Amino acid sequence: MPELPEVEVTRRSIDEPLRGAQVLEVRLGKVLRWPLGVPAQRLQGRVVGPVQRRGKYLWLPLLGADGQADGGLLLHLGMSGSLALRQDAPPPGPHDHFDLLTTRGLLRLTDPRRFGAAVWSAALDRDPAARLLSTLGHEPFDPLLTDAVFHAALKRRRAAVKLVLLAGDVVVGAGNIYACEALHRAGIHPRRRADRIGPARAAALLAAVRDTLARAMEVGGSTLRDFRDAHGMSGAFQAETRVYGREDQDCPRCGGIVRRIVQAQRSTYYCAGCQT
DNA sequence: CGGGACGCCTGTGAGC
DNA sequence: TGCTCACAGGCGTCCC
C-alpha cells in the first residue's frame, strides 16, 4: 500500500509538472472516504500551487484568478490508491474516482478500495484539513524530533510500542510494514510497553524508523511502478522485508523463527529470538 | 483521556 | 475449474 515513501515519491512526481496548471474540470466517480465537500465546478479556473505532503496526506493548494490562495485539495491514497498524471484523458474506469483535468494534464486518483480521500478545504490550517492533520505526530525526518523528544513521547504511553508507532501521533509514516521492520532492526519486541523503553533503545528505534523509511524512499519509485497486487507489496520493497510477511521463516539476523501475532486486529511479525 | 475495537471496501488466494 | 470466504490494512470514529 502507499506508505509515506510512496506518497513522497508521488508528491515529487506531480509537484513540478502541476505547478501553475489551471483546473479545467473536476470529475468525480464514486465517493471516497468522504465527499469532496464543495461543488466540483467551483474548482474550475483555479491554479495549482506547490504540492505539499503531511504524513500520508498530500495538499494541493489552489490559487484564485487573482493569484491569492483560495483553498486546496487534501488527498489521501488510503490502502490501495494511486495518483497518475497523464497527458491523455481516457474515460474513467470503475476504480477512478477523482479526475483533476488541468492545462498540464490529467491528475487521476485510482483507488479500488476507496479508503482514500479527496477533500476540499479552505486552507491547510482550516477544517476539514486542520482537523484531519491535527492528530499527526512529527514528520520522521523532522530535526525537531530528537532522541530525547522521541523518548519522552514514548514515556507518556503505556500501550505496546508497535501500536504507538502505528497510531502515528508520535511519528508519522511507520505503517504496519515499516513498524514491524523498524522494531526488528532495533531489536525491540512489538508488545513491549512504550514507556518501558529506555533512552538508548528509543534512540535506536527512531534511527531504525528513519533508516527503514529512507531505504524505502530509495526504492519507492519501483514500489510505485510495480504497485499492482492487493497487498501493495509487489515492488522492490517486498524483497527487502526481514520479518514482515515471513512467518515461520528464519530471522536473517539471529536465525530465530519469525512469528506472527495480532495486535489491534493487525498482523505483527517479529523475531522471537532477537526482539526483546 | 488513553487505549483498543470497529467499519469502511474490494482484489486476492487458500480451501473445498 | 469454479465458488466461497477470510484476509489485507489506514485511519476516523466510537465506546469503555
# chains A, B, ... in the order shown; residues from 1 in each chain; ligands from 1
>>> residues_around(residues="Gly255 of chain A", least_positions_apart="5", cutoff="10 Å", atoms="only C-alpha atoms (C1' of nucleotides)", output="number ranges by chain")
A: 249-250, 271-274
>>> closest_atom_pairs(of="chain A", to="chain C", cutoff="10 Å", atoms="only C-alpha atoms (C1' of nucleotides)", output="Markdown table")
| residue | atom | partner | partner_atom | distance |
| --- | --- | --- | --- | --- |
| A:Met1 | CA | C:DG9 | C1' | 8.5 |
| A:Pro2 | CA | C:DG10 | C1' | 9.7 |
| A:Glu3 | CA | C:DG10 | C1' | 9.5 |
| A:Arg33 | CA | C:DG12 | C1' | 9.7 |
| A:Lys56 | CA | C:DG10 | C1' | 9.4 |
| A:His76 | CA | C:DG10 | C1' | 9.6 |
| A:Leu77 | CA | C:DG10 | C1' | 9.1 |
| A:Gly78 | CA | C:DG10 | C1' | 5.8 |
| A:Met79 | CA | C:DG10 | C1' | 6.3 |
| A:Ser80 | CA | C:DG9 | C1' | 9.5 |
| A:Phe115 | CA | C:DG10 | C1' | 7.5 |
| A:Gly116 | CA | C:DG10 | C1' | 8.7 |
| A:Leu132 | CA | C:DG12 | C1' | 8.6 |
| A:Leu166 | CA | C:DG10 | C1' | 9.3 |
| A:Ala167 | CA | C:DC11 | C1' | 8.6 |
| A:Gly168 | CA | C:DC11 | C1' | 9.7 |
| A:Gly175 | CA | C:DG10 | C1' | 8.0 |
| A:Asn176 | CA | C:DG9 | C1' | 7.9 |
| A:Ala230 | CA | C:DA8 | C1' | 7.4 |
| A:His231 | CA | C:DA8 | C1' | 6.2 |
| A:Gly232 | CA | C:DA8 | C1' | 9.6 |
| A:Gln265 | CA | C:DG9 | C1' | 9.4 |
| A:Arg266 | CA | C:DG9 | C1' | 7.4 |
| A:Ser267 | CA | C:DA8 | C1' | 9.3 |
>>> closest_atom_pairs(of="chain B", to="chain A", cutoff="6 Å", atoms="only C-alpha atoms (C1' of nucleotides)", output="tab-separated table")
residue	atom	partner	partner_atom	distance
B:DC9	C1'	A:Arg113	CA	4.5
B:DT10	C1'	A:Arg113	CA	5.3
B:DG11	C1'	A:Ala230	CA	5.6
>>> write_last_selection(atoms="N, CA, C and O atoms (P, O5', C5', C4', C3', O3' and C1' of nucleotides)", output="CSV table (one decimal), in the first residue's frame")
chain,number,residue,atom,x,y,z
B,9,DC,P,-18.4,1.7,2.0
B,9,DC,O5',-17.4,0.7,1.2
B,9,DC,C5',-16.3,1.3,0.5
B,9,DC,C4',-15.3,0.3,0.1
B,9,DC,C3',-15.9,-0.9,-0.7
B,9,DC,O3',-15.8,-0.6,-2.1
B,9,DC,C1',-14.1,-1.5,0.8
B,10,DT,P,-16.5,-1.6,-3.1
B,10,DT,O5',-15.3,-2.6,-3.5
B,10,DT,C5',-14.1,-2.0,-4.1
B,10,DT,C4',-13.0,-3.0,-4.2
B,10,DT,C3',-13.4,-4.3,-5.0
B,10,DT,O3',-12.2,-4.7,-5.7
B,10,DT,C1',-12.7,-4.9,-2.8
B,11,DG,P,-12.3,-5.4,-7.1
B,11,DG,O5',-10.9,-6.0,-7.2
B,11,DG,C5',-9.8,-5.2,-7.0
B,11,DG,C4',-8.6,-6.0,-6.5
B,11,DG,C3',-8.3,-7.3,-7.2
B,11,DG,O3',-6.9,-7.5,-7.3
B,11,DG,C1',-8.9,-7.9,-5.0
>>> select_by_dssp(residues="segment 140-247 of chain A", states="alpha helix (DSSP H)", output="number ranges by chain")
A: 147-155, 161-167, 176-186, 199-225, 236-240
>>> residues_around(residues="Asp88 of chain A", least_positions_apart="3", cutoff="12 Å", atoms="only C-alpha atoms (C1' of nucleotides)", output="PyMOL selection string")
chain A and resi 84-85+91-92+101-108
>>> atom_distance(atom1="atom CA of Pro140 of chain A", atom2="atom CA of Gly173 of chain A")
6.9 Å
>>> select_by_dssp(residues="segment 10-206 of chain A", states="strand (DSSP E or B)", output="PyMOL selection string")
chain A and resi 22-28+47-48+52-54+57-63+69-76+82-86+96-102+105-110+117-121+138+160+171+193
>>> residues_around(residues="Val164 of chain A", least_positions_apart="3", cutoff="10 Å", atoms="only C-alpha atoms (C1' of nucleotides)", output="PyMOL selection string")
chain A and resi 153-154+157-161+167-171+174+179+190+193-194
>>> atom_distance(atom1="atom CA of Phe98 of chain A", atom2="atom CA of Gln68 of chain A")
24.5 Å
>>> residues_around(residues="Thr146 of chain A", least_positions_apart="5", cutoff="9 Å", atoms="only C-alpha atoms (C1' of nucleotides)", output="VMD selection string")
chain A and resid 151 203 206
>>> atom_distance(atom1="atom CA of Leu124 of chain A", atom2="atom CA of Leu74 of chain A")
8.2 Å
>>> residues_around(residues="segment 42-48 of chain A", least_positions_apart="6", cutoff="10 Å", atoms="only C-alpha atoms (C1' of nucleotides)", output="MDAnalysis selection string")
chainID A and resid 15 18:26 60:73 100:103 120
>>> write_last_selection(atoms="C-alpha atoms", output="PDB file, in the first residue's frame")
ATOM      1  CA  ASP A  15       4.673  18.908  -7.931  1.00  0.00           C
ATOM      2  CA  LEU A  18       1.327  20.587 -11.940  1.00  0.00           C
ATOM      3  CA  ARG A  19       2.585  23.861 -10.572  1.00  0.00           C
ATOM      4  CA  GLY A  20       0.823  26.691 -12.334  1.00  0.00           C
ATOM      5  CA  ALA A  21      -1.610  24.340 -14.020  1.00  0.00           C
ATOM      6  CA  GLN A  22      -5.112  25.656 -14.351  1.00  0.00           C
ATOM      7  CA  VAL A  23      -8.048  23.461 -13.411  1.00  0.00           C
ATOM      8  CA  LEU A  24     -10.259  22.847 -16.418  1.00  0.00           C
ATOM      9  CA  GLU A  25     -12.666  20.364 -14.908  1.00  0.00           C
ATOM     10  CA  VAL A  26     -13.135  18.088 -11.909  1.00  0.00           C
ATOM     11  CA  LEU A  60      -2.674  20.739  -3.484  1.00  0.00           C
ATOM     12  CA  PRO A  61      -3.078  24.438  -2.801  1.00  0.00           C
ATOM     13  CA  LEU A  62      -5.277  26.285  -5.235  1.00  0.00           C
ATOM     14  CA  LEU A  63      -4.994  29.902  -6.222  1.00  0.00           C
ATOM     15  CA  GLY A  64      -7.816  32.055  -7.483  1.00  0.00           C
ATOM     16  CA  ALA A  65      -7.698  34.145 -10.646  1.00  0.00           C
ATOM     17  CA  ASP A  66      -6.227  36.967  -8.595  1.00  0.00           C
ATOM     18  CA  GLY A  67      -3.316  34.788  -7.530  1.00  0.00           C
ATOM     19  CA  GLN A  68      -4.484  34.651  -3.949  1.00  0.00           C
ATOM     20  CA  ALA A  69      -4.706  31.356  -2.082  1.00  0.00           C
ATOM     21  CA  ASP A  70      -8.182  30.012  -2.400  1.00  0.00           C
ATOM     22  CA  GLY A  71      -8.429  26.673  -0.638  1.00  0.00           C
ATOM     23  CA  GLY A  72      -6.998  23.441  -1.842  1.00  0.00           C
ATOM     24  CA  LEU A  73      -7.385  19.725  -2.094  1.00  0.00           C
ATOM     25  CA  LEU A 100      -8.486  16.785 -11.953  1.00  0.00           C
ATOM     26  CA  LEU A 101      -8.287  17.845 -15.556  1.00  0.00           C
ATOM     27  CA  THR A 102      -5.789  20.680 -15.954  1.00  0.00           C
ATOM     28  CA  THR A 103      -3.910  22.574 -18.608  1.00  0.00           C
ATOM     29  CA  TRP A 120     -11.649  20.349  -0.409  1.00  0.00           C
TER      30      TRP A 120
END
